[in-house]
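Trainee: Input data26.tsv, format and content: TSV, C-alpha atoms and all ligand atoms.
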```tsv
chain	number	residue	atom	x	y	z
A	27	MET	CA	27.26	3.65	-9.25
A	28	SER	CA	23.55	4.04	-9.63
A	29	GLU	CA	21.93	6.93	-11.43
A	30	GLU	CA	18.68	8.74	-10.59
A	31	ARG	CA	16.50	10.25	-13.30
A	32	PHE	CA	13.33	12.24	-12.74
A	33	ASN	CA	10.36	10.85	-14.66
A	34	GLU	CA	8.35	13.96	-15.55
A	35	LEU	CA	5.10	12.20	-16.50
A	36	ARG	CA	4.95	10.33	-13.21
A	37	GLY	CA	6.54	13.09	-11.13
A	38	GLU	CA	8.90	10.55	-9.54
A	39	GLU	CA	12.50	9.39	-9.44
A	40	VAL	CA	13.63	6.23	-11.23
A	41	VAL	CA	16.88	4.62	-10.04
A	42	TYR	CA	19.21	2.80	-12.46
A	43	ALA	CA	21.37	0.30	-10.58
A	44	ILE	CA	22.73	-1.57	-13.57
A	45	HIS	CA	25.48	-3.47	-11.69
A	46	ARG	CA	22.69	-5.36	-9.91
A	47	GLN	CA	22.23	-7.56	-12.99
A	48	ASP	CA	25.26	-9.56	-11.79
A	49	ARG	CA	23.95	-10.25	-8.30
A	50	THR	CA	23.75	-13.74	-6.83
A	51	PHE	CA	20.60	-15.43	-8.06
A	52	LEU	CA	19.03	-18.32	-6.07
A	53	PRO	CA	22.31	-20.09	-5.14
A	54	SER	CA	22.19	-23.66	-3.80
A	55	ARG	CA	22.15	-23.83	-0.01
A	56	ASP	CA	25.85	-24.84	0.01
A	57	HIS	CA	26.67	-21.52	-1.62
A	58	CYS	CA	24.31	-19.33	0.40
A	59	PRO	CA	26.13	-16.01	0.99
A	60	LEU	CA	24.08	-15.32	4.15
A	61	CYS	CA	24.94	-18.55	5.99
A	62	PRO	CA	27.68	-18.46	8.65
A	63	THR	CA	31.24	-19.21	7.54
A	64	ARG	CA	32.15	-22.71	8.78
A	65	PRO	CA	35.47	-22.97	10.70
A	66	GLY	CA	38.36	-23.87	8.38
A	67	THR	CA	36.79	-22.34	5.27
A	68	PRO	CA	39.48	-20.81	2.99
A	69	PRO	CA	39.22	-16.99	2.81
A	70	GLN	CA	38.07	-16.95	-0.81
A	71	ALA	CA	35.15	-19.24	0.10
A	72	GLU	CA	33.93	-17.21	3.08
A	73	THR	CA	30.30	-16.10	3.03
A	74	GLU	CA	29.24	-12.46	3.53
A	75	ILE	CA	29.35	-13.16	7.27
A	76	PRO	CA	32.81	-14.26	8.48
A	77	PHE	CA	31.64	-15.88	11.73
A	78	PRO	CA	30.83	-19.53	12.58
A	79	ALA	CA	27.54	-18.47	14.21
A	80	TYR	CA	25.55	-15.27	14.68
A	81	GLU	CA	22.19	-13.97	15.90
A	82	ILE	CA	21.34	-11.00	13.64
A	83	ALA	CA	23.73	-9.58	11.03
A	84	VAL	CA	23.59	-6.20	9.25
A	85	PHE	CA	25.91	-5.20	6.44
A	86	ASP	CA	26.00	-3.04	3.31
A	87	ASN	CA	24.36	-4.61	0.28
A	88	ARG	CA	27.09	-5.68	-2.16
A	89	PHE	CA	24.79	-4.76	-5.04
A	90	PRO	CA	23.34	-1.50	-3.73
A	91	ALA	CA	20.54	0.47	-5.31
A	92	PHE	CA	21.70	3.38	-3.13
A	93	ASP	CA	25.17	4.13	-1.81
A	94	ALA	CA	26.88	6.90	0.16
A	95	PRO	CA	26.97	9.85	-0.36
A	96	ARG	CA	23.51	9.43	-2.01
A	97	GLY	CA	21.70	7.04	0.31
A	98	ALA	CA	22.29	3.53	1.66
A	99	ALA	CA	21.29	-0.08	1.07
A	100	GLU	CA	21.74	-2.62	3.87
A	101	VAL	CA	20.94	-6.29	4.34
A	102	VAL	CA	19.54	-7.49	7.69
A	103	VAL	CA	19.89	-11.25	8.22
A	104	TYR	CA	17.41	-12.47	10.84
A	105	THR	CA	19.17	-15.69	11.90
A	106	ASP	CA	22.01	-18.02	10.95
A	107	ASP	CA	19.46	-20.81	10.39
A	108	HIS	CA	19.06	-21.06	6.62
A	109	ASP	CA	15.68	-22.83	6.87
A	110	ALA	CA	14.02	-20.48	9.37
A	111	SER	CA	11.67	-17.62	8.50
A	112	PHE	CA	10.48	-14.45	10.22
A	113	GLY	CA	7.47	-16.34	11.56
A	114	THR	CA	9.52	-19.17	13.06
A	115	LEU	CA	12.09	-16.99	14.87
A	116	ALA	CA	12.10	-17.36	18.66
A	117	PRO	CA	10.08	-14.46	20.15
A	118	GLU	CA	13.23	-13.02	21.76
A	119	ARG	CA	14.96	-12.96	18.36
A	120	ALA	CA	12.04	-11.22	16.71
A	121	GLU	CA	12.05	-8.68	19.54
A	122	ALA	CA	15.82	-8.17	19.12
A	123	LEU	CA	15.18	-7.52	15.43
A	124	MET	CA	12.90	-4.57	16.37
A	125	TRP	CA	15.85	-3.07	18.28
A	126	VAL	CA	18.17	-3.63	15.31
A	127	TRP	CA	15.67	-1.90	13.00
A	128	ARG	CA	15.33	0.95	15.52
A	129	HIS	CA	19.11	1.35	15.67
A	130	ARG	CA	19.44	1.41	11.86
A	131	TYR	CA	16.56	3.92	11.58
A	132	ARG	CA	18.38	6.20	13.99
A	133	GLU	CA	21.84	5.83	12.41
A	134	LEU	CA	20.72	6.14	8.79
A	135	GLY	CA	18.11	8.79	9.55
A	136	ALA	CA	20.78	10.99	11.15
A	137	ARG	CA	22.71	11.15	7.86
A	138	PRO	CA	22.16	14.38	5.93
A	139	ASP	CA	21.96	12.49	2.60
A	140	ILE	CA	19.09	10.24	3.76
A	141	ASP	CA	15.54	11.61	3.71
A	142	TYR	CA	13.67	8.36	4.19
A	143	VAL	CA	14.64	5.11	5.93
A	144	PHE	CA	12.68	2.20	4.49
A	145	ILE	CA	12.75	-1.17	6.25
A	146	PHE	CA	11.28	-4.01	4.19
A	147	GLU	CA	11.28	-7.70	3.44
A	148	ASN	CA	10.56	-9.48	0.16
A	149	ARG	CA	9.59	-13.09	0.77
A	150	GLY	CA	9.21	-15.75	-1.91
A	151	VAL	CA	10.24	-16.10	-5.55
A	152	GLU	CA	6.81	-14.65	-6.46
A	153	VAL	CA	8.09	-11.22	-5.37
A	154	GLY	CA	11.55	-11.64	-6.88
A	155	VAL	CA	13.55	-12.98	-3.95
A	156	THR	CA	17.07	-14.01	-5.04
A	157	LEU	CA	18.20	-15.54	-1.70
A	158	HIS	CA	16.05	-17.85	0.44
A	159	HIS	CA	17.97	-17.33	3.70
A	160	PRO	CA	15.65	-15.33	6.01
A	161	HIS	CA	16.55	-11.68	5.66
A	162	GLY	CA	15.19	-8.22	5.05
A	163	GLN	CA	16.63	-5.01	3.67
A	164	ILE	CA	16.87	-1.33	4.48
A	165	TYR	CA	17.07	1.42	1.90
A	166	GLY	CA	18.08	4.94	2.85
A	167	TYR	CA	16.53	7.10	0.11
A	168	PRO	CA	18.17	10.43	-0.75
A	169	PHE	CA	14.66	11.79	-1.42
A	170	LEU	CA	11.15	11.28	-0.03
A	171	PRO	CA	9.64	8.43	-2.12
A	172	PRO	CA	6.07	8.67	-3.51
A	173	VAL	CA	4.30	6.22	-1.15
A	174	PRO	CA	5.33	7.87	2.13
A	175	ALA	CA	4.75	11.24	0.45
A	176	LEU	CA	1.15	10.17	-0.27
A	177	GLU	CA	0.71	9.21	3.37
A	178	ILE	CA	1.85	12.67	4.45
A	179	ALA	CA	-0.57	14.15	1.92
A	180	ALA	CA	-3.33	12.05	3.55
A	181	ASP	CA	-2.45	13.59	6.94
A	182	GLU	CA	-2.79	17.01	5.38
A	183	ARG	CA	-6.08	16.13	3.64
A	184	LEU	CA	-7.58	14.80	6.90
A	185	GLY	CA	-6.16	17.63	9.00
A	186	SER	CA	-4.58	15.18	11.45
A	187	CYS	CA	-2.72	11.86	11.49
A	188	ALA	CA	-4.23	9.47	8.91
A	189	GLY	CA	-2.82	6.46	10.77
A	190	CYS	CA	-4.70	7.42	13.96
A	191	ALA	CA	-7.92	8.18	12.05
A	192	LEU	CA	-7.89	4.93	10.06
A	193	LEU	CA	-7.15	2.87	13.15
A	194	SER	CA	-10.13	4.34	15.06
A	195	ALA	CA	-12.38	3.68	12.06
A	196	GLU	CA	-11.21	0.04	11.83
A	197	LEU	CA	-11.67	-0.51	15.57
A	198	ALA	CA	-15.16	1.03	15.46
A	199	ASP	CA	-16.15	-1.18	12.50
A	200	SER	CA	-14.24	-4.25	13.81
A	201	ARG	CA	-15.14	-6.54	10.86
A	202	ARG	CA	-11.64	-6.41	9.40
A	203	VAL	CA	-9.65	-6.48	12.65
A	204	LEU	CA	-7.45	-9.59	12.83
A	205	TYR	CA	-5.47	-9.16	16.01
A	206	GLU	CA	-5.30	-6.75	18.94
A	207	SER	CA	-3.00	-6.23	21.90
A	208	ASP	CA	-2.63	-3.27	24.26
A	209	ALA	CA	-0.04	-1.74	21.93
A	210	VAL	CA	-0.63	-3.05	18.40
A	211	VAL	CA	-3.59	-3.75	16.06
A	212	ALA	CA	-3.58	-5.76	12.80
A	213	TYR	CA	-6.36	-5.41	10.22
A	214	VAL	CA	-7.21	-5.78	6.56
A	215	PRO	CA	-7.72	-2.16	5.49
A	216	TYR	CA	-11.16	-0.94	4.41
A	217	ALA	CA	-9.84	-0.22	0.92
A	218	ALA	CA	-7.18	-2.95	0.62
A	219	ARG	CA	-5.57	-3.13	-2.82
A	220	TRP	CA	-4.33	-6.73	-2.46
A	221	PRO	CA	-6.69	-9.64	-1.61
A	222	TYR	CA	-4.82	-10.45	1.63
A	223	GLU	CA	-3.28	-7.07	2.42
A	224	VAL	CA	-2.75	-6.53	6.16
A	225	HIS	CA	-1.67	-3.44	8.09
A	226	VAL	CA	-0.10	-3.75	11.53
A	227	THR	CA	-0.19	-0.43	13.36
A	228	MET	CA	0.76	1.04	16.72
A	229	ARG	CA	-2.33	1.77	18.83
A	230	GLU	CA	-0.86	5.03	20.16
A	231	HIS	CA	0.56	7.64	17.81
A	232	ARG	CA	4.23	6.73	17.34
A	233	ALA	CA	6.06	8.49	14.52
A	234	SER	CA	8.84	5.91	14.41
A	235	LEU	CA	10.48	3.00	16.24
A	236	LEU	CA	12.41	5.62	18.23
A	237	ASP	CA	9.18	6.68	19.98
A	238	CYS	CA	8.25	3.16	21.07
A	239	SER	CA	8.73	1.79	24.57
A	240	ALA	CA	10.44	-1.59	25.06
A	241	GLY	CA	7.02	-3.11	25.68
A	242	GLU	CA	5.67	-1.67	22.41
A	243	LEU	CA	8.60	-3.08	20.45
A	244	ARG	CA	7.97	-6.51	22.00
A	245	ALA	CA	4.28	-6.22	21.12
A	246	LEU	CA	5.10	-5.18	17.56
A	247	ALA	CA	7.36	-8.22	17.09
A	248	GLY	CA	4.61	-10.47	18.45
A	249	ALA	CA	1.94	-8.98	16.18
A	250	LEU	CA	4.12	-9.26	13.06
A	251	GLN	CA	4.94	-12.90	13.82
A	252	THR	CA	1.25	-13.64	14.45
A	253	VAL	CA	0.30	-12.22	11.05
A	254	VAL	CA	3.08	-14.06	9.18
A	255	ARG	CA	2.23	-17.39	10.85
A	256	GLY	CA	-1.39	-16.82	9.92
A	257	TYR	CA	-0.33	-16.20	6.32
A	258	ASP	CA	1.62	-19.49	6.28
A	259	ALA	CA	-1.41	-21.31	7.73
A	260	LEU	CA	-3.83	-19.75	5.21
A	261	PHE	CA	-2.91	-22.01	2.27
A	262	ASP	CA	-0.64	-24.31	4.28
A	263	ARG	CA	2.44	-23.15	2.39
A	264	PRO	CA	5.17	-20.51	2.86
A	265	PHE	CA	3.25	-17.37	1.97
A	266	PRO	CA	4.97	-14.83	-0.27
A	267	TYR	CA	4.69	-11.15	0.59
A	268	VAL	CA	6.28	-7.74	0.49
A	269	MET	CA	6.50	-6.31	4.00
A	270	ALA	CA	6.89	-2.51	4.15
A	271	MET	CA	7.46	-0.46	7.30
A	272	HIS	CA	6.34	3.16	7.12
A	273	GLN	CA	7.68	5.71	9.59
A	274	ALA	CA	8.32	9.43	9.75
A	275	PRO	CA	10.69	10.81	7.09
A	276	THR	CA	14.15	11.73	8.32
A	277	THR	CA	14.59	14.92	6.32
A	278	SER	CA	14.66	18.22	8.12
A	279	ALA	CA	12.43	19.52	5.32
A	280	ALA	CA	9.59	17.13	6.31
A	281	PRO	CA	6.55	18.99	7.61
A	282	ALA	CA	6.85	18.56	11.36
A	283	ASP	CA	3.24	19.45	12.13
A	284	ALA	CA	1.44	17.38	9.46
A	285	GLY	CA	0.40	14.75	11.98
A	286	THR	CA	-1.16	15.83	15.22
A	287	PRO	CA	0.00	14.92	17.73
A	288	GLY	CA	3.69	14.50	17.10
A	289	GLU	CA	5.66	14.26	13.91
A	290	SER	CA	4.30	13.32	10.50
A	291	GLY	CA	4.13	9.58	10.04
A	292	HIS	CA	2.49	6.88	12.14
A	293	LEU	CA	4.58	3.73	12.53
A	294	HIS	CA	2.90	0.82	10.78
A	295	VAL	CA	3.80	-2.19	8.69
A	296	GLU	CA	1.98	-3.06	5.46
A	297	PHE	CA	1.96	-6.55	3.95
A	298	TYR	CA	1.28	-6.91	0.21
A	299	PRO	CA	0.87	-10.59	-0.65
A	300	PRO	CA	0.72	-11.38	-4.38
A	301	LEU	CA	-1.49	-14.48	-3.99
A	302	ARG	CA	-5.24	-14.44	-4.48
A	303	THR	CA	-5.64	-18.22	-4.08
A	304	ALA	CA	-3.19	-20.97	-3.05
A	305	GLU	CA	-1.85	-21.09	-6.62
A	306	LYS	CA	-3.06	-17.96	-8.40
A	307	LEU	CA	-1.16	-14.71	-8.42
A	308	LYS	CA	-2.73	-11.28	-8.51
A	309	PHE	CA	-1.13	-9.57	-11.51
A	310	LEU	CA	-0.83	-5.85	-11.85
A	311	ALA	CA	-2.29	-5.43	-15.32
A	312	GLY	CA	-4.00	-2.80	-17.46
A	313	SER	CA	-6.11	-1.01	-14.90
A	314	GLU	CA	-3.51	-1.18	-12.12
A	315	GLN	CA	-0.51	-0.21	-14.29
A	316	GLY	CA	-2.06	2.01	-16.91
A	317	ALA	CA	-4.72	3.78	-14.87
A	318	GLY	CA	-3.51	3.27	-11.33
A	319	THR	CA	-6.80	1.71	-10.15
A	320	PHE	CA	-6.76	-1.65	-8.38
A	321	ILE	CA	-9.57	-4.04	-9.25
A	322	SER	CA	-10.03	-6.75	-6.60
A	323	ASP	CA	-12.34	-9.76	-6.74
A	324	VAL	CA	-12.54	-10.27	-2.98
A	325	LEU	CA	-13.98	-7.92	-0.36
A	326	PRO	CA	-11.65	-7.04	2.55
A	327	GLU	CA	-14.32	-8.26	5.04
A	328	GLU	CA	-14.21	-11.72	3.41
A	329	SER	CA	-10.44	-12.04	3.37
A	330	ALA	CA	-10.34	-10.76	6.98
A	331	ALA	CA	-12.63	-13.61	8.06
A	332	GLU	CA	-10.38	-16.15	6.29
A	333	LEU	CA	-7.26	-14.62	7.80
A	334	ARG	CA	-8.71	-14.61	11.32
A	335	GLU	CA	-9.26	-18.38	11.04
A	336	ALA	CA	-5.78	-18.87	9.60
A	337	ILE	CA	-4.25	-16.86	12.46
A	338	ALA	CA	-6.06	-19.10	14.96
A	339	ARG	CA	-4.71	-22.19	13.14
A	340	GLY	CA	-1.19	-20.74	12.94
A	341	ALA	CA	-0.98	-19.73	16.63
B	1	ZN	ZN	21.77	-19.55	4.16
B	2	ZN	ZN	-1.07	8.70	14.42
B	3	ZN	ZN	1.80	2.95	4.99
```
Would you write the structure of this file as structure tokens?

Mentor:
Amino acid sequence: MSEERFNELRGEEVVYAIHRQDRTFLPSRDHCPLCPTRPGTPPQAETEIPFPAYEIAVFDNRFPAFDAPRGAAEVVVYTDDHDASFGTLAPERAEALMWVWRHRYRELGARPDIDYVFIFENRGVEVGVTLHHPHGQIYGYPFLPPVPALEIAADERLGSCAGCALLSAELADSRRVLYESDAVVAYVPYAARWPYEVHVTMREHRASLLDCSAGELRALAGALQTVVRGYDALFDRPFPYVMAMHQAPTTSAAPADAGTPGESGHLHVEFYPPLRTAEKLKFLAGSEQGAGTFISDVLPEESAAELREAIARGA
């Protein structure tokens, strides 16, 4: 079982999930636990998914950071094709994934022990991926974690939804906007912390996936795939990133009126890529770790121009 301890100096929880040291680390493709189980495989050699083929699979993480009755940790496998990626999924599959995420947000968010449902993907060994098969994860936190708490604090500081306010500012400026549809906008934020950070946000105020129409979910899938394909085209290599979806907290204690209109939280997806060039990583060093201030050597307007070209190449 994992243990939570409150770190007084940081004012935040730290989770000790010590059993995770034993988890599967970069297995060969013949031993991939997320591949389908071929017919005739003996039971002891079955993968995590006991079917010869599948579309999208969701199951409890065998090495969970959180577990009932104090949270949840799930794995979401995007496809049974070991060599695919989020960007290469058929558009219908990516759209189906939005519905799977929506369903998990609803189910996990309804649990009294889960205050925040966090959907994310780590891609690439640069961000610590231990399995290459295309997949993401969902954590159900038994508390409101610091990053979404800061976003709610931003709503309060601005007196209305920060997501709506930042989007209008980006659209008015337009230099950092990468992609627009009727429902979704992608941009490099004005004060990006990572050289190629991108935010993909709903054009209308939507607190969570539950508030989105079918058309908006389709548009979100399309925008996310466009960004990821652009990333892969940028340096002509699979582009590592952390993808983080932020939505309204699912605790009844969450301030319901922090965002106007609607609930606190504005559905958006943030990408944090660790690369600053094709080969060089951005390290979090003294200033970032010890003082909490990001120092970047590229302006967001410059990386936005590069990413716009890459998105055109990747389309
Ligand atoms: Zn696989
Ligand atoms: Zn909003
Ligand atoms: Zn966010």

Trainee: Using all atoms listed in the file, which protein or nucleic acid residues come within 9 Å of Arg88 of chain A? Drop anything in the same chain fewer than 5 positions from it, and give the result as a ChimeraX atom specification.

Mentor: /A:46,49,99-101

Trainee: If we count all atoms listed in the file and set the cut-off at 10 Å, which residues sit around segment 236-245 of chain A, ignoring sequence neighbours fewer than 3 positions away in its own chain? Please answer as a ChimeraX atom specification.

Mentor: /A:117-118,120-125,127-129,131-132,206-211,228-233,248-251,273,288,293

Trainee: Measuring between all atoms listed in the file, which one of A:Arg263, A:His225, A:Arg55, A:Arg137 shows the shortest distance to ligand ZN 3 (chain B)?

Mentor: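 Comparing A:Arg263, A:His225, A:Arg55, A:Arg137 against ligand ZN 3 (chain B), the winner is A:His225.
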
Trainee: Could you pull the residues within 9 Å of Leu325 of chain A, counting all atoms listed in the file, minus those fewer than 5 positions along the same chain, as a list in words?

Mentor: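 My reading of the contact set: Tyr216, Ala217, Ala218, Pro221 and Ala330 of chain A.
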
Trainee: As a list of chain:residue names, please: every protein or nucleic acid residue near ligand ZN 2 (chain B) (cut-off 6 Å, counting only C-alpha atoms and all ligand atoms).

Mentor: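 After applying the 6 Å limit, what remains is A:Cys187, A:Gly189, A:Cys190, A:His231, A:His292.
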
Trainee: Select the residues contacting ligand ZN 3 (chain B) at a distance of at most 8 Å, based on all atoms listed in the file, then format the selection as a list of chain:residue names.

Mentor: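 I would give the residues around ligand ZN 3 (chain B) as A:Val173, A:Pro174, A:Glu177, A:His225, A:Ala270, A:Met271, A:His272, A:Gln273, A:His294, A:Val295, A:Glu296.
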
Trainee: Do you know which residues are within 7 Å of ligand ZN 1 (chain B) using all atoms listed in the file? Can you write them as an mmCIF file with C-alpha atoms, in the frame of the given file?

Mentor:
```cif
data_model
loop_
_atom_site.group_PDB
_atom_site.id
_atom_site.type_symbol
_atom_site.label_atom_id
_atom_site.label_comp_id
_atom_site.auth_asym_id
_atom_site.auth_seq_id
_atom_site.Cartn_x
_atom_site.Cartn_y
_atom_site.Cartn_z
ATOM 1 C CA ARG A 55 22.150 -23.830 -0.010
ATOM 2 C CA CYS A 58 24.310 -19.330 0.400
ATOM 3 C CA PRO A 59 26.130 -16.010 0.990
ATOM 4 C CA LEU A 60 24.080 -15.320 4.150
ATOM 5 C CA CYS A 61 24.940 -18.550 5.990
ATOM 6 C CA ASP A 106 22.010 -18.020 10.950
ATOM 7 C CA ASP A 107 19.460 -20.810 10.390
ATOM 8 C CA HIS A 108 19.060 -21.060 6.620
ATOM 9 C CA HIS A 159 17.970 -17.330 3.700
#
```

Trainee: Counting only C-alpha atoms, write as a list in words all protein and nucleic acid residues lying at most 9 Å from (-9.6, -12.2, 9.5) in the file's frame.

Mentor: Arg201, Arg202, Val203, Leu204, Tyr205, Tyr213, Val214, Pro326, Glu327, Glu328, Ser329, Ala330, Ala331, Glu332, Leu333, Arg334, Glu335, Ala336 and Ile337 of chain A

Trainee: Figure out the distance between atom CA of Arg130 of chain A and atom CA of Ala91 of chain A, please, to one decimal in Å.

Mentor: 17.2 Å
